[in-house]
Amino acid sequence: MNKPNFPNQVKDWLVTGETFELIYDSEKELLVTSPQPKPENLSKYYESEEYISHTDNKKGIVSFLYQTIKKSALHNKVKLITSLNNEVGNLLDIGAGTGDFLKEAKDKGWKIFGVEPNEGARNLAKKKEVNLKKNIDDFKGKKFDVITLWHVLEHVPNLEETSSTLEKLLKPDGTLIIAVPNFKSFDANYYKEHWAAFDVPRHLWHFSKGSIKKIFSKNLELQKTKPMIFDSFYVSLLSEKNKTGKQNLLKAFFVGLRSNISAWSTKEYSSLIYCFKKVK
């Protein structure tokens, strides 16, 4: 198998300016951030007002666009989980942020549960009457119809342990939904070390379509893969700022558009949603 193209070193553009290596794991077809911060030190890399998923901030063009697109995305996410499960049930969202997805699901009849390590985000969720736990271990022994991780799997310190835990928490015939960036996309190749979705060291792992199939056991069958069309535009906007120091809206739009057009044939979209079903 040929080694994919990727930058050897990537900078933390958001918080520290530190440089990290990307190491290719040929067995799992993924990139690994190195060195990986110790779990107790990870929180400092999230201490930024620009880390949008932990806030409800709408100030500035990037935050405004993110929050605007999120409204449509939330509706589509709930529609997806309902279609895959055929009916509402118990839903666990891991990395729930400020709780908007769970609130939308609750309004549609789902019985909701969630995990969010960040205290500030949990407090914002609580104001929306969405109560989140700090740790996934709080749900040990419970079973869920649907488990979702929307751009979360790339953040977890122990990938193998997490994949095993997810499988145990899922009911037979239950649905697991994973959304992650794709380092083989056009926009990743275009921006290289400036690609915002590398987001080191918050992103500890960088996935391809091949790697997603290899990190879960045969008890989880991949049923469907769906593109996240808007991600290429948003990631390109952030990447332009990394590359030029400016928010080049027009340039980012055209790169995002080229990425989606390219993916029509390659299927290598900027981000992908993977839908698994647990074998009975």
# chains A, B, ... in the order shown; residues from 1 in each chain; ligands from 1

$ select_by_dssp --residues "region 42-280 of chain A" --states "strand (DSSP E or B)" --output "ChimeraX atom specification"
/A:90-94,111-115,133,144-150,170-181,205-206,220-227,271-278

$ write_last_selection --atoms "N, CA and C atoms" --output "compact mmCIF listing (two decimals), in the first residue's frame"
# COMPACT_ATOMS: atom_id res chain seq x y z
N ASN A 90 -33.16 5.53 23.21
CA ASN A 90 -32.13 6.09 24.08
C ASN A 90 -30.94 6.53 23.24
N LEU A 91 -30.55 7.79 23.37
CA LEU A 91 -29.46 8.37 22.59
C LEU A 91 -28.35 8.85 23.52
N LEU A 92 -27.12 8.42 23.22
CA LEU A 92 -25.94 8.91 23.94
C LEU A 92 -25.07 9.68 22.96
N ASP A 93 -24.83 10.96 23.27
CA ASP A 93 -23.94 11.79 22.46
C ASP A 93 -22.67 12.04 23.24
N ILE A 94 -21.53 11.67 22.67
CA ILE A 94 -20.24 11.82 23.33
C ILE A 94 -19.52 13.02 22.74
N LYS A 111 -34.87 10.07 24.20
CA LYS A 111 -34.43 10.12 25.59
C LYS A 111 -32.92 10.32 25.56
N ILE A 112 -32.46 11.47 26.05
CA ILE A 112 -31.09 11.89 25.79
C ILE A 112 -30.14 11.70 26.97
N PHE A 113 -28.89 11.40 26.63
CA PHE A 113 -27.78 11.29 27.57
C PHE A 113 -26.55 11.85 26.88
N GLY A 114 -25.63 12.42 27.64
CA GLY A 114 -24.47 13.01 26.98
C GLY A 114 -23.25 13.08 27.86
N VAL A 115 -22.10 13.17 27.20
CA VAL A 115 -20.80 13.30 27.85
C VAL A 115 -20.10 14.53 27.30
N LYS A 133 -22.83 14.44 31.57
CA LYS A 133 -21.83 13.86 32.45
C LYS A 133 -20.44 14.25 31.98
N PHE A 144 -27.55 1.62 24.85
CA PHE A 144 -28.19 2.68 24.08
C PHE A 144 -28.57 2.21 22.68
N ASP A 145 -29.67 2.77 22.17
CA ASP A 145 -30.11 2.48 20.81
C ASP A 145 -29.19 3.14 19.79
N VAL A 146 -28.77 4.36 20.11
CA VAL A 146 -27.90 5.13 19.21
C VAL A 146 -26.82 5.82 20.02
N ILE A 147 -25.59 5.76 19.52
CA ILE A 147 -24.47 6.51 20.11
C ILE A 147 -23.86 7.37 19.00
N THR A 148 -23.65 8.64 19.28
CA THR A 148 -23.09 9.54 18.28
C THR A 148 -21.82 10.21 18.79
N LEU A 149 -20.88 10.40 17.87
CA LEU A 149 -19.66 11.17 18.13
C LEU A 149 -19.45 12.08 16.92
N TRP A 150 -19.88 13.33 17.05
CA TRP A 150 -19.77 14.30 15.96
C TRP A 150 -18.44 15.04 16.09
N LEU A 170 -23.46 -0.16 23.26
CA LEU A 170 -24.47 -0.20 22.20
C LEU A 170 -25.33 -1.46 22.31
N LYS A 171 -26.64 -1.29 22.18
CA LYS A 171 -27.56 -2.43 22.19
C LYS A 171 -27.35 -3.28 20.94
N PRO A 172 -27.70 -4.58 20.99
CA PRO A 172 -27.72 -5.37 19.75
C PRO A 172 -28.63 -4.71 18.73
N ASP A 173 -28.17 -4.59 17.51
CA ASP A 173 -28.87 -3.91 16.43
C ASP A 173 -28.88 -2.39 16.61
N GLY A 174 -28.09 -1.89 17.58
CA GLY A 174 -27.98 -0.46 17.79
C GLY A 174 -27.11 0.21 16.74
N THR A 175 -27.18 1.53 16.69
CA THR A 175 -26.49 2.32 15.66
C THR A 175 -25.40 3.19 16.28
N LEU A 176 -24.22 3.14 15.69
CA LEU A 176 -23.10 4.00 16.08
C LEU A 176 -22.79 4.93 14.92
N ILE A 177 -22.76 6.24 15.20
CA ILE A 177 -22.49 7.23 14.16
C ILE A 177 -21.23 8.01 14.53
N ILE A 178 -20.27 7.97 13.61
CA ILE A 178 -18.98 8.63 13.80
C ILE A 178 -18.79 9.65 12.69
N ALA A 179 -18.53 10.91 13.03
CA ALA A 179 -18.18 11.93 12.03
C ALA A 179 -16.77 12.43 12.31
N VAL A 180 -15.91 12.36 11.31
CA VAL A 180 -14.50 12.77 11.47
C VAL A 180 -13.99 13.42 10.19
N PRO A 181 -12.94 14.26 10.30
CA PRO A 181 -12.31 14.81 9.10
C PRO A 181 -11.59 13.70 8.33
N TRP A 205 -5.67 11.83 16.42
CA TRP A 205 -5.71 10.87 15.33
C TRP A 205 -6.32 11.53 14.09
N HIS A 206 -5.88 11.09 12.92
CA HIS A 206 -6.36 11.68 11.67
C HIS A 206 -6.76 10.53 10.76
N LEU A 220 -19.35 -4.64 14.58
CA LEU A 220 -19.92 -3.40 14.08
C LEU A 220 -19.76 -3.36 12.56
N GLU A 221 -20.87 -3.39 11.85
CA GLU A 221 -20.85 -3.39 10.39
C GLU A 221 -21.13 -1.99 9.86
N LEU A 222 -20.28 -1.54 8.94
CA LEU A 222 -20.48 -0.23 8.32
C LEU A 222 -21.65 -0.32 7.34
N GLN A 223 -22.71 0.44 7.61
CA GLN A 223 -23.92 0.39 6.80
C GLN A 223 -23.97 1.49 5.75
N LYS A 224 -23.44 2.65 6.11
CA LYS A 224 -23.61 3.81 5.23
C LYS A 224 -22.51 4.83 5.52
N THR A 225 -22.09 5.54 4.48
CA THR A 225 -21.14 6.65 4.61
C THR A 225 -21.76 7.87 3.95
N LYS A 226 -21.77 9.00 4.67
CA LYS A 226 -22.39 10.22 4.16
C LYS A 226 -21.40 11.38 4.23
N PRO A 227 -21.38 12.24 3.21
CA PRO A 227 -20.50 13.41 3.25
C PRO A 227 -21.06 14.53 4.11
N SER A 271 -15.03 15.92 5.32
CA SER A 271 -15.45 15.16 6.50
C SER A 271 -16.50 14.15 6.07
N LEU A 272 -16.54 13.03 6.78
CA LEU A 272 -17.48 11.97 6.45
C LEU A 272 -18.18 11.46 7.70
N ILE A 273 -19.41 11.05 7.52
CA ILE A 273 -20.19 10.41 8.58
C ILE A 273 -20.24 8.92 8.31
N TYR A 274 -19.84 8.12 9.29
CA TYR A 274 -19.85 6.66 9.15
C TYR A 274 -20.93 6.09 10.06
N CYS A 275 -21.82 5.31 9.49
CA CYS A 275 -22.96 4.76 10.23
C CYS A 275 -22.79 3.24 10.37
N PHE A 276 -22.60 2.80 11.62
CA PHE A 276 -22.40 1.38 11.91
C PHE A 276 -23.64 0.79 12.57
N LYS A 277 -23.84 -0.50 12.36
CA LYS A 277 -24.90 -1.24 13.02
C LYS A 277 -24.25 -2.40 13.80
N LYS A 278 -24.66 -2.56 15.06
CA LYS A 278 -24.10 -3.65 15.86
C LYS A 278 -24.81 -4.95 15.52

$ atom_distance --atom1 "CA of Tyr190 (chain A)" --atom2 "CA of Thr16 (chain A)"
23.8 Å

$ residues_around --residues "Leu249 (chain A)" --least-positions-apart "4" --cutoff "10 Å" --atoms "only C-alpha atoms" --output "list of chain:residue names"
A:Ile61, A:Val62, A:Phe233, A:Tyr234, A:Ser236, A:Leu237, A:Leu238, A:Glu240, A:Lys241, A:Phe253, A:Phe254

$ residues_around --residues "Gly141 (chain A)" --least-positions-apart "3" --cutoff "12 Å" --atoms "only C-alpha atoms" --output "list in words"
Ile136, Asp137, Asp138, Phe144, Thr165, Leu166, Glu167, Lys168, Leu169, Leu170 and Lys171 of chain A

$ residues_around --residues "Pro37 (chain A)" --least-positions-apart "4" --cutoff "10 Å" --atoms "only C-alpha atoms" --output "NGL selection string"
:A and (33 or 41-45 or 157 or 201-202 or 204)
